[in-house]
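Next comes data08.csv, a file with CSV, C-alpha atoms.
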chain,number,residue,atom,x,y,z
A,1,MET,CA,24.1,125.2,92.1
A,2,THR,CA,27.1,124.3,89.9
A,3,TYR,CA,30.5,123.2,91.3
A,4,ASP,CA,32.0,126.4,89.8
A,5,LEU,CA,30.0,128.4,92.3
A,6,ILE,CA,30.7,126.0,95.3
A,7,LYS,CA,34.4,125.5,94.6
A,8,PRO,CA,35.6,129.0,95.7
A,9,LEU,CA,33.8,128.5,99.0
A,10,LEU,CA,35.3,125.0,99.5
A,11,PHE,CA,38.8,126.3,98.7
A,12,LYS,CA,38.6,128.9,101.4
A,13,LEU,CA,38.7,126.0,103.9
A,14,GLU,CA,41.7,123.9,104.6
A,15,ALA,CA,41.8,120.9,102.2
A,16,GLU,CA,41.0,118.3,104.8
A,17,ASN,CA,38.1,120.3,106.3
A,18,ALA,CA,36.7,120.8,102.8
A,19,HIS,CA,36.8,117.1,102.2
A,20,CYS,CA,35.0,116.5,105.6
A,21,LEU,CA,32.3,119.0,104.6
A,22,THR,CA,31.9,117.2,101.2
A,23,GLU,CA,31.5,113.9,103.0
A,24,LEU,CA,29.0,115.4,105.4
A,25,SER,CA,27.0,116.9,102.6
A,26,LEU,CA,26.8,113.6,100.7
A,27,ARG,CA,25.8,111.7,103.8
A,28,VAL,CA,23.0,114.2,104.6
A,29,LEU,CA,21.7,114.0,101.0
A,30,ASN,CA,21.6,110.2,101.4
A,31,ALA,CA,19.9,110.2,104.8
A,32,VAL,CA,17.6,113.2,104.6
A,33,PHE,CA,17.1,114.0,100.9
A,34,PRO,CA,17.1,110.7,99.0
A,35,SER,CA,15.2,112.4,96.1
A,36,ALA,CA,18.3,114.5,95.6
A,37,LEU,CA,20.2,111.3,94.8
A,38,SER,CA,17.7,110.4,92.2
A,39,PHE,CA,18.2,113.9,90.6
A,40,LEU,CA,22.0,113.3,90.7
A,41,ALA,CA,21.7,109.9,89.1
A,42,HIS,CA,19.5,111.2,86.4
A,43,ASN,CA,22.0,113.9,85.5
A,44,TYR,CA,25.3,112.1,85.9
A,45,ILE,CA,24.8,108.4,85.0
A,46,ILE,CA,25.3,107.4,81.4
A,47,ASN,CA,23.9,104.1,80.1
A,48,ASP,CA,26.1,103.3,77.1
A,49,GLU,CA,26.6,99.8,75.8
A,50,SER,CA,29.9,100.7,74.3
A,51,LEU,CA,31.4,101.4,77.7
A,52,LYS,CA,30.3,98.2,79.4
A,53,GLN,CA,32.8,95.4,80.2
A,54,ASP,CA,32.9,92.1,82.0
A,55,ILE,CA,36.2,91.9,83.9
A,56,LEU,CA,37.3,89.6,86.7
A,57,GLY,CA,33.8,88.1,86.7
A,58,LEU,CA,32.3,91.5,87.4
A,59,GLU,CA,30.1,93.8,85.3
A,60,PHE,CA,31.4,97.3,84.8
A,61,SER,CA,28.9,99.8,83.3
A,62,ASN,CA,31.8,102.1,82.4
A,63,PRO,CA,35.6,102.1,83.0
A,64,VAL,CA,35.8,105.1,85.3
A,65,GLY,CA,36.2,104.2,89.0
A,66,LEU,CA,36.9,106.1,92.2
A,67,ALA,CA,40.4,105.6,93.6
A,68,GLY,CA,41.0,104.6,97.2
A,69,GLY,CA,41.5,107.5,99.7
A,70,PHE,CA,38.3,109.5,99.0
A,71,ASP,CA,35.9,107.3,100.9
A,72,LYS,CA,38.1,105.8,103.6
A,73,ASN,CA,35.3,104.6,105.8
A,74,ALA,CA,32.7,103.6,103.2
A,75,THR,CA,30.3,106.3,104.4
A,76,MET,CA,29.6,107.7,100.9
A,77,ILE,CA,29.0,104.7,98.7
A,78,LYS,CA,25.4,105.3,97.9
A,79,PRO,CA,25.6,109.0,97.1
A,80,LEU,CA,28.9,108.4,95.1
A,81,SER,CA,27.2,105.8,93.0
A,82,THR,CA,24.9,108.5,91.7
A,83,LEU,CA,27.8,110.4,90.1
A,84,GLY,CA,28.2,108.0,87.2
A,85,PHE,CA,31.1,105.9,88.3
A,86,GLY,CA,31.5,102.4,87.0
A,87,PHE,CA,33.0,101.1,90.2
A,88,LEU,CA,34.0,102.4,93.7
A,89,GLU,CA,36.9,101.6,95.9
A,90,PHE,CA,36.6,102.3,99.7
A,91,GLY,CA,39.6,102.6,102.1
A,92,THR,CA,42.5,102.5,102.6
A,93,PHE,CA,41.4,101.1,106.0
A,94,THR,CA,43.2,99.1,108.6
A,95,PRO,CA,42.1,96.4,111.1
A,96,LYS,CA,42.1,98.8,114.0
A,97,ALA,CA,41.0,102.4,114.0
A,98,GLN,CA,43.8,105.0,113.8
A,99,LYS,CA,44.0,108.8,113.7
A,100,GLY,CA,46.7,108.9,111.0
A,101,ASN,CA,49.5,111.5,110.9
A,102,GLU,CA,49.5,114.9,112.5
A,103,LYS,CA,47.6,117.8,110.9
A,104,PRO,CA,47.8,119.6,108.6
A,105,ARG,CA,48.4,116.7,106.3
A,106,LEU,CA,46.5,117.5,103.1
A,107,PHE,CA,47.6,120.4,100.9
A,108,ARG,CA,46.2,121.8,97.6
A,109,LEU,CA,48.6,122.8,94.9
A,110,SER,CA,46.0,124.8,93.1
A,111,GLU,CA,48.0,126.1,90.2
A,112,GLN,CA,49.1,122.6,89.3
A,113,GLU,CA,45.7,121.1,90.1
A,114,SER,CA,47.4,118.6,92.4
A,115,LEU,CA,47.4,117.5,96.0
A,116,GLN,CA,50.1,116.6,98.5
A,117,ASN,CA,48.9,114.3,101.2
A,118,ALA,CA,50.4,112.7,104.3
A,119,MET,CA,47.2,111.3,105.7
A,120,GLY,CA,48.5,108.0,107.1
A,121,PHE,CA,45.5,105.7,106.7
A,122,ASN,CA,43.3,107.6,109.1
A,123,ASN,CA,40.1,105.5,109.4
A,124,GLN,CA,37.5,104.1,111.8
A,125,GLY,CA,38.8,100.5,111.7
A,126,GLY,CA,37.7,97.3,110.0
A,127,ASP,CA,34.9,96.4,112.5
A,128,LYS,CA,32.9,99.6,112.1
A,129,ILE,CA,33.4,99.6,108.4
A,130,ALA,CA,32.3,96.0,108.1
A,131,LEU,CA,29.0,96.8,109.9
A,132,ARG,CA,28.4,99.6,107.4
A,133,LEU,CA,29.1,97.4,104.4
A,134,ALA,CA,26.9,94.6,105.7
A,135,LYS,CA,23.9,96.9,105.3
A,136,ILE,CA,24.4,97.6,101.6
A,137,TYR,CA,26.4,94.7,100.1
A,138,PRO,CA,25.8,93.3,97.5
A,139,PHE,CA,25.8,96.7,95.7
A,140,VAL,CA,24.7,97.9,92.3
A,141,LEU,CA,28.3,98.7,91.4
A,142,PRO,CA,31.5,96.6,91.9
A,143,LEU,CA,33.0,97.6,95.2
A,144,GLY,CA,36.7,97.3,96.0
A,145,ALA,CA,38.1,97.1,99.5
A,146,ASN,CA,41.5,98.9,99.7
A,147,ILE,CA,43.3,97.5,102.7
A,148,GLY,CA,46.4,98.4,104.6
A,149,LYS,CA,48.3,97.7,107.8
A,150,ASN,CA,48.1,99.7,111.1
A,151,ALA,CA,51.0,102.1,111.5
A,152,THR,CA,52.1,100.6,114.8
A,153,SER,CA,51.6,97.0,113.8
A,154,GLU,CA,54.6,94.7,113.8
A,155,GLU,CA,52.5,92.0,112.0
A,156,ALA,CA,51.8,93.4,108.6
A,157,LEU,CA,50.9,90.0,107.2
A,158,LYS,CA,48.4,89.3,109.9
A,159,ASP,CA,46.8,92.8,109.3
A,160,TYR,CA,46.2,92.1,105.7
A,161,LEU,CA,45.0,88.5,106.2
A,162,ASP,CA,42.6,89.6,109.0
A,163,LEU,CA,41.0,92.1,106.6
A,164,LEU,CA,40.7,89.6,103.8
A,165,LYS,CA,38.9,87.2,106.2
A,166,ASN,CA,36.5,89.9,107.5
A,167,PHE,CA,35.6,91.5,104.2
A,168,ARG,CA,35.6,88.5,101.8
A,169,ASP,CA,31.8,88.6,101.8
A,170,LEU,CA,31.5,92.4,101.8
A,171,CYS,CA,33.3,93.4,98.6
A,172,ASP,CA,33.8,92.4,95.0
A,173,TYR,CA,37.6,92.7,94.9
A,174,PHE,CA,40.5,93.6,97.2
A,175,THR,CA,43.3,96.1,96.6
A,176,ILE,CA,46.4,95.4,98.6
A,177,ASN,CA,47.9,98.8,99.4
A,178,ILE,CA,51.6,98.4,100.0
A,179,SER,CA,52.6,101.6,98.2
A,180,SER,CA,51.4,104.5,100.3
A,181,PRO,CA,54.3,106.7,101.3
A,182,ASN,CA,52.5,107.8,104.5
A,183,THR,CA,52.9,104.7,106.7
A,184,LYS,CA,56.5,104.2,107.8
A,185,ASN,CA,58.2,101.3,106.0
A,186,LEU,CA,55.0,100.3,104.1
A,187,ARG,CA,56.7,100.5,100.8
A,188,ASN,CA,59.3,98.1,102.0
A,189,LEU,CA,56.5,95.4,101.7
A,190,GLN,CA,56.8,95.8,97.9
A,191,ASN,CA,59.0,92.7,97.7
A,192,ASP,CA,58.6,89.2,96.4
A,193,GLU,CA,58.9,87.5,99.7
A,194,PHE,CA,56.2,89.4,101.4
A,195,LEU,CA,53.8,89.3,98.4
A,196,THR,CA,54.4,85.6,97.9
A,197,THR,CA,53.5,84.7,101.4
A,198,LEU,CA,50.5,87.1,101.4
A,199,LEU,CA,49.1,85.8,98.2
A,200,GLU,CA,49.6,82.2,99.1
A,201,GLU,CA,47.7,82.7,102.3
A,202,ALA,CA,45.1,85.0,100.8
A,203,LEU,CA,44.1,82.4,98.2
A,204,LYS,CA,43.2,80.1,101.1
A,205,ILE,CA,40.9,82.7,102.5
A,206,THR,CA,39.0,84.2,99.5
A,207,SER,CA,38.3,83.6,95.9
A,208,LYS,CA,37.6,87.4,95.4
A,209,PRO,CA,40.1,89.0,92.9
A,210,ILE,CA,43.1,90.5,94.5
A,211,LEU,CA,44.8,93.5,93.0
A,212,ILE,CA,48.1,95.1,94.0
A,213,LYS,CA,48.6,98.9,94.1
A,214,ILE,CA,52.2,99.8,93.4
A,215,ALA,CA,54.2,103.0,93.6
A,216,PRO,CA,55.3,105.0,90.5
A,217,ASP,CA,58.7,105.6,92.1
A,218,MET,CA,59.9,102.0,91.7
A,219,LYS,CA,62.6,101.2,89.2
A,220,ILE,CA,60.9,99.6,86.2
A,221,LYS,CA,62.9,96.4,86.4
A,222,ASN,CA,62.0,96.0,90.1
A,223,ALA,CA,58.3,96.8,89.5
A,224,LEU,CA,58.1,94.4,86.6
A,225,LYS,CA,59.7,91.6,88.6
A,226,LEU,CA,57.4,92.2,91.5
A,227,CYS,CA,54.3,92.1,89.2
A,228,GLU,CA,55.3,89.0,87.3
A,229,ASN,CA,56.0,87.2,90.6
A,230,ALA,CA,52.6,88.3,92.0
A,231,ILE,CA,50.8,87.1,88.8
A,232,GLU,CA,52.4,83.6,89.3
A,233,LYS,CA,51.2,83.6,92.9
A,234,GLY,CA,47.6,84.5,92.1
A,235,ALA,CA,47.3,88.3,91.8
A,236,LYS,CA,44.6,89.2,89.3
A,237,GLY,CA,45.7,92.7,88.4
A,238,PHE,CA,47.5,95.9,89.3
A,239,ILE,CA,46.6,99.5,90.0
A,240,ILE,CA,49.4,101.6,88.4
A,241,ALA,CA,50.1,103.7,90.3
A,242,ASN,CA,49.8,105.3,93.7
A,243,THR,CA,51.0,108.8,94.7
A,244,SER,CA,54.6,109.8,94.1
A,245,VAL,CA,57.4,111.0,96.3
A,246,ASP,CA,59.2,112.7,93.5
A,247,TYR,CA,59.6,116.0,95.3
A,248,SER,CA,61.5,117.5,92.4
A,249,LEU,CA,58.1,118.0,90.8
A,250,LEU,CA,57.3,120.6,93.6
A,251,SER,CA,58.0,124.2,93.9
A,252,ASN,CA,57.4,124.2,97.7
A,253,ASN,CA,59.7,123.0,100.5
A,254,ARG,CA,57.5,120.1,101.7
A,255,THR,CA,59.4,116.8,101.3
A,256,PHE,CA,56.8,114.5,102.8
A,257,GLY,CA,53.6,112.8,101.8
A,258,GLY,CA,52.5,111.7,98.3
A,259,ILE,CA,51.8,113.8,95.3
A,260,SER,CA,48.7,113.3,93.2
A,261,GLY,CA,47.0,115.1,90.3
A,262,LYS,CA,48.4,116.8,87.2
A,263,LEU,CA,51.9,117.0,88.6
A,264,ILE,CA,52.2,113.2,88.2
A,265,THR,CA,50.2,112.8,84.9
A,266,GLU,CA,53.4,112.3,82.8
A,267,LYS,CA,55.3,110.3,85.5
A,268,ASN,CA,52.5,107.8,86.1
A,269,GLY,CA,51.6,107.7,82.4
A,270,THR,CA,55.2,106.7,81.5
A,271,PHE,CA,55.4,104.2,84.3
A,272,PHE,CA,52.1,102.6,83.3
A,273,GLU,CA,53.2,102.5,79.6
A,274,GLN,CA,56.5,100.8,80.4
A,275,LEU,CA,54.9,98.1,82.6
A,276,ALA,CA,52.0,97.6,80.2
A,277,LYS,CA,54.3,96.7,77.4
A,278,GLU,CA,55.3,93.6,79.4
A,279,LEU,CA,52.2,92.9,81.4
A,280,PHE,CA,49.4,93.5,78.9
A,281,ARG,CA,47.5,90.2,78.2
A,282,LYS,CA,49.0,88.6,81.3
A,283,THR,CA,46.8,90.4,83.8
A,284,ILE,CA,44.3,93.2,84.3
A,285,LEU,CA,45.7,96.7,84.5
A,286,ILE,CA,44.0,99.7,86.1
A,287,ALA,CA,45.5,103.1,85.4
A,288,SER,CA,45.6,105.7,88.1
A,289,GLY,CA,47.3,109.0,88.7
A,290,GLY,CA,46.8,112.3,87.0
A,291,ILE,CA,43.8,111.3,84.9
A,292,ASP,CA,41.4,114.2,84.5
A,293,SER,CA,39.9,113.9,81.0
A,294,GLY,CA,38.4,111.5,78.5
A,295,GLU,CA,41.5,112.0,76.3
A,296,LEU,CA,43.9,110.9,79.0
A,297,ALA,CA,41.7,108.0,80.1
A,298,TYR,CA,41.5,106.9,76.4
A,299,GLU,CA,45.3,107.2,76.1
A,300,ARG,CA,45.8,104.8,79.1
A,301,ILE,CA,43.1,102.5,77.8
A,302,LYS,CA,44.8,102.2,74.4
A,303,LYS,CA,48.0,101.4,76.2
A,304,GLY,CA,46.6,98.5,78.1
A,305,ALA,CA,44.3,99.8,80.9
A,306,SER,CA,41.0,98.0,81.2
A,307,LEU,CA,39.8,100.5,83.8
A,308,VAL,CA,40.9,103.9,85.1
A,309,GLN,CA,40.6,105.5,88.5
A,310,ILE,CA,40.3,109.2,89.5
A,311,TYR,CA,40.3,111.2,92.7
A,312,THR,CA,42.3,114.4,92.7
A,313,ALA,CA,40.7,115.7,89.5
A,314,LEU,CA,37.3,115.6,91.3
A,315,VAL,CA,38.6,118.2,93.7
A,316,PHE,CA,39.5,120.6,91.0
A,317,LYS,CA,36.9,119.8,88.3
A,318,GLY,CA,33.9,118.6,90.3
A,319,PRO,CA,31.5,115.7,90.2
A,320,SER,CA,30.4,116.3,86.6
A,321,LEU,CA,33.9,115.1,85.6
A,322,VAL,CA,32.9,111.4,85.6
A,323,LYS,CA,30.1,112.1,83.1
A,324,LYS,CA,32.3,114.2,80.9
A,325,ILE,CA,35.0,111.5,80.8
A,326,ASN,CA,32.5,108.8,79.9
A,327,GLU,CA,30.8,111.0,77.2
A,328,ASN,CA,34.2,111.7,75.7
A,329,LEU,CA,35.2,108.1,75.8
A,330,SER,CA,32.0,107.2,74.0
A,331,PHE,CA,32.7,109.8,71.3
A,332,LEU,CA,36.3,108.6,70.9
A,333,LEU,CA,35.3,105.0,70.5
A,334,ARG,CA,32.8,105.9,67.8
A,335,ARG,CA,35.3,108.1,66.1
A,336,ASP,CA,37.9,105.3,65.9
A,337,GLY,CA,35.4,102.6,64.9
A,338,PHE,CA,35.2,100.6,68.1
A,339,ALA,CA,31.8,99.1,69.0
A,340,ASN,CA,33.0,98.4,72.6
A,341,ILE,CA,35.7,99.8,74.8
A,342,SER,CA,37.2,96.3,75.2
A,343,GLU,CA,38.2,96.5,71.5
A,344,ALA,CA,40.3,99.6,72.3
A,345,VAL,CA,42.1,98.2,75.4
A,346,GLY,CA,45.7,97.8,74.5
A,347,VAL,CA,45.2,98.6,70.8
A,348,ASP,CA,48.5,100.6,70.8
A,349,LEU,CA,50.3,97.4,71.9
A,350,LYS,CA,48.8,95.0,69.4

Show me this structure written as structure tokens.
Amino acid sequence: MTYDLIKPLLFKLEAENAHCLTELSLRVLNAVFPSALSFLAHNYIINDESLKQDILGLEFSNPVGLAGGFDKNATMIKPLSTLGFGFLEFGTFTPKAQKGNEKPRLFRLSEQESLQNAMGFNNQGGDKIALRLAKIYPFVLPLGANIGKNATSEEALKDYLDLLKNFRDLCDYFTINISSPNTKNLRNLQNDEFLTTLLEEALKITSKPILIKIAPDMKIKNALKLCENAIEKGAKGFIIANTSVDYSLLSNNRTFGGISGKLITEKNGTFFEQLAKELFRKTILIASGGIDSGELAYERIKKGASLVQIYTALVFKGPSLVKKINENLSFLLRRDGFANISEAVGVDLK
């Protein structure tokens, strides 16, 4: 059964319920029908030398990763690995379990192939997620732990440091999420003082690469200053960027939550390009936001992205999207005379 047949049924459900059903289905496949995972892997995974890279001391079979937010509790890592991703990011999760914001909190914007979410870091908490990771790590793909603070916590620094301690042997890199719009005052942590203290203490705890995920709504000069300071303090890279709160992009009356998908393709692309002009060669850049094709992924790669992440596009285009992006990237590299994708990274800036 193709996704084109399943999609209308899923879209009859509320968006969050559809996501829960997808999670349940993948977990059932993993637990009850492991042979189905072999079938998925055979159909979706591409083994292409031109797409392989060594970055941050890790081996990436291709540059397409899953963004944080899809697998908050690390329940789908094995089945997701069969869809052809080059790396997976689980979370955002917090030290203590929390329910997140009131429902409904996830909305499809179908005509624009976008989502608006106000989830609020709903997750099962670090202890339960750590037990789950301990059963499968080390894993066949690089795994990133996307970490955040509890909504009611007054000790944001302690929340992040506790998760760094508890997951330093359960992941390959960390993503510090201080840019979600759905936890009150979280974006206020996008400042030099907090990041300096966090990174200084983090480097005492772990040698795993630490990435910072920033918001596309920051002023360029502020974002650049933040990133340059973070590089000096030990950050290894940046995910550019998170969801947007630019509600002028919407035709509805909802002025809450974060926007993802095609509506922010141009916004996040421009934001990435402006930062990459200054940050390329200084650090690792991962492009995120509105990427739904090989052409868009290639565009961000040529402008300085070593890797890209997708999420919302999966909802609208289905699991075969990862394979299609990688196949298209392989074609575009050959067309332009590149033997390996690393040769194309930042070529527009050289």

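Residue neighbourhood of Thr152 of chain A, excluding near-sequence residues (fewer than 5 positions): Thr94, Pro95, Lys96, Ala97, Gln98, Lys99, Gly100, Asn101, Gly120, Phe121, Asp159, Thr183, Lys184, Asn185 and Leu186 of chain A, at 12 Å, using only C-alpha atoms.
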
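The gap separating atom CA of Thr265 of chain A from atom CA of Gln116 of chain A is 14.1 Å, in Å to one decimal.
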
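Interatomic distance, atom CA of Gly346 of chain A to atom CA of Lys302 of chain A: 4.5 Å.
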
Open item on the list: As an exercise, work out the distance from atom CA of Ile259 of chain A to atom CA of Ile147 of chain A in Å and give it to one decimal place.
Closed with: 19.8 Å

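The nearest approach to Ile178 of chain A among the residues A:Thr243, A:Asn117, A:Asn268, A:Asn47, with only C-alpha atoms taken into account, belongs to A:Thr243.
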
- [ ] Find the spatial neighbours of Met218 of chain A, counting all atoms listed in the file, within a cut-off of 12 Å - ignore same-chain residues fewer than 5 positions away - and output them as an NGL selection string.
- [x] :A and (179 or 187-188 or 190-191 or 213 or 223-227 or 240-246 or 267-268 or 271-272 or 274-275)

How about saving the chosen residues, C-alpha atoms kept, as a PDB file, in the coordinates of the input?
ATOM      1  CA  SER A 179      52.600 101.600  98.200  1.00  0.00           C
ATOM      2  CA  ARG A 187      56.700 100.500 100.800  1.00  0.00           C
ATOM      3  CA  ASN A 188      59.300  98.100 102.000  1.00  0.00           C
ATOM      4  CA  GLN A 190      56.800  95.800  97.900  1.00  0.00           C
ATOM      5  CA  ASN A 191      59.000  92.700  97.700  1.00  0.00           C
ATOM      6  CA  LYS A 213      48.600  98.900  94.100  1.00  0.00           C
ATOM      7  CA  ALA A 223      58.300  96.800  89.500  1.00  0.00           C
ATOM      8  CA  LEU A 224      58.100  94.400  86.600  1.00  0.00           C
ATOM      9  CA  LYS A 225      59.700  91.600  88.600  1.00  0.00           C
ATOM     10  CA  LEU A 226      57.400  92.200  91.500  1.00  0.00           C
ATOM     11  CA  CYS A 227      54.300  92.100  89.200  1.00  0.00           C
ATOM     12  CA  ILE A 240      49.400 101.600  88.400  1.00  0.00           C
ATOM     13  CA  ALA A 241      50.100 103.700  90.300  1.00  0.00           C
ATOM     14  CA  ASN A 242      49.800 105.300  93.700  1.00  0.00           C
ATOM     15  CA  THR A 243      51.000 108.800  94.700  1.00  0.00           C
ATOM     16  CA  SER A 244      54.600 109.800  94.100  1.00  0.00           C
ATOM     17  CA  VAL A 245      57.400 111.000  96.300  1.00  0.00           C
ATOM     18  CA  ASP A 246      59.200 112.700  93.500  1.00  0.00           C
ATOM     19  CA  LYS A 267      55.300 110.300  85.500  1.00  0.00           C
ATOM     20  CA  ASN A 268      52.500 107.800  86.100  1.00  0.00           C
ATOM     21  CA  PHE A 271      55.400 104.200  84.300  1.00  0.00           C
ATOM     22  CA  PHE A 272      52.100 102.600  83.300  1.00  0.00           C
ATOM     23  CA  GLN A 274      56.500 100.800  80.400  1.00  0.00           C
ATOM     24  CA  LEU A 275      54.900  98.100  82.600  1.00  0.00           C
TER      25      LEU A 275
END

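Closest approach to Val322 of chain A among A:Leu161, A:Ile310, A:Ala344, A:Met76 is made by A:Ile310 (distances from all atoms listed in the file).
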
Open item on the list: Residues within 12 Å of Glu59 of chain A, please, as a ChimeraX atom specification. Count all atoms listed in the file; anything in the same chain fewer than 5 positions from it doesn't count.
Closed with: /A:49,51-54,86-87,139-143,172,307

TODO: For segment 329-340 of chain A, list every protein, DNA or RNA residue within 7 Å, evaluated using all atoms listed in the file, and leave out those in the same chain fewer than 5 positions away; present the list as a ChimeraX atom specification.
DONE: /A:50-51,294,298

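Near Ile291 of chain A, within 8 Å and counting all atoms listed in the file, sit Gly261, Lys262, Thr265, Ser288, Leu296, Ala297, Val308, Gln309, Ile310 and Ala313 of chain A; same-chain residues fewer than 3 positions away were not included.
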
Completion step: segment 74-90 of chain A with N, CA, C and O atoms as a compact mmCIF listing (two decimals), in the coordinates of the input:
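Result file follows (part07.txt):
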# COMPACT_ATOMS: atom_id res chain seq x y z
N ALA A 74 33.87 104.09 103.92
CA ALA A 74 32.70 103.60 103.20
C ALA A 74 31.40 104.26 103.72
O ALA A 74 30.35 103.63 103.86
N THR A 75 31.48 105.56 103.94
CA THR A 75 30.30 106.30 104.40
C THR A 75 29.55 106.97 103.24
O THR A 75 28.44 107.46 103.44
N MET A 76 30.15 106.98 102.05
CA MET A 76 29.60 107.70 100.90
C MET A 76 29.20 106.87 99.73
O MET A 76 28.97 107.39 98.65
N ILE A 77 29.18 105.57 99.90
CA ILE A 77 29.00 104.70 98.70
C ILE A 77 27.74 104.95 97.97
O ILE A 77 27.76 105.08 96.74
N LYS A 78 26.63 105.05 98.66
CA LYS A 78 25.40 105.30 97.90
C LYS A 78 25.35 106.61 97.19
O LYS A 78 25.04 106.64 95.99
N PRO A 79 25.65 107.73 97.82
CA PRO A 79 25.60 109.00 97.10
C PRO A 79 26.69 109.03 95.96
O PRO A 79 26.44 109.57 94.88
N LEU A 80 27.86 108.45 96.18
CA LEU A 80 28.90 108.40 95.10
C LEU A 80 28.46 107.63 93.92
O LEU A 80 28.83 107.95 92.78
N SER A 81 27.64 106.62 94.15
CA SER A 81 27.20 105.80 93.00
C SER A 81 26.29 106.55 92.07
O SER A 81 26.09 106.12 90.93
N THR A 82 25.76 107.68 92.52
CA THR A 82 24.90 108.50 91.70
C THR A 82 25.64 109.41 90.73
O THR A 82 25.04 110.09 89.89
N LEU A 83 26.96 109.47 90.87
CA LEU A 83 27.80 110.40 90.10
C LEU A 83 28.26 109.84 88.78
O LEU A 83 28.97 110.51 88.04
N GLY A 84 27.90 108.58 88.50
CA GLY A 84 28.20 108.00 87.20
C GLY A 84 29.43 107.09 87.16
O GLY A 84 29.85 106.67 86.07
N PHE A 85 30.00 106.76 88.32
CA PHE A 85 31.10 105.90 88.30
C PHE A 85 30.75 104.46 87.88
O PHE A 85 29.62 104.01 88.06
N GLY A 86 31.75 103.74 87.33
CA GLY A 86 31.50 102.40 87.00
C GLY A 86 31.88 101.40 88.07
O GLY A 86 31.44 100.24 88.08
N PHE A 87 32.68 101.87 89.03
CA PHE A 87 33.00 101.10 90.20
C PHE A 87 33.57 102.01 91.28
O PHE A 87 34.00 103.13 90.98
N LEU A 88 33.53 101.57 92.53
CA LEU A 88 34.00 102.40 93.70
C LEU A 88 34.94 101.58 94.52
O LEU A 88 34.75 100.38 94.72
N GLU A 89 35.94 102.26 95.05
CA GLU A 89 36.90 101.60 95.90
C GLU A 89 36.90 102.38 97.26
O GLU A 89 37.13 103.59 97.28
N PHE A 90 36.62 101.68 98.36
CA PHE A 90 36.60 102.30 99.70
C PHE A 90 37.91 101.95 100.42
O PHE A 90 38.52 100.93 100.17
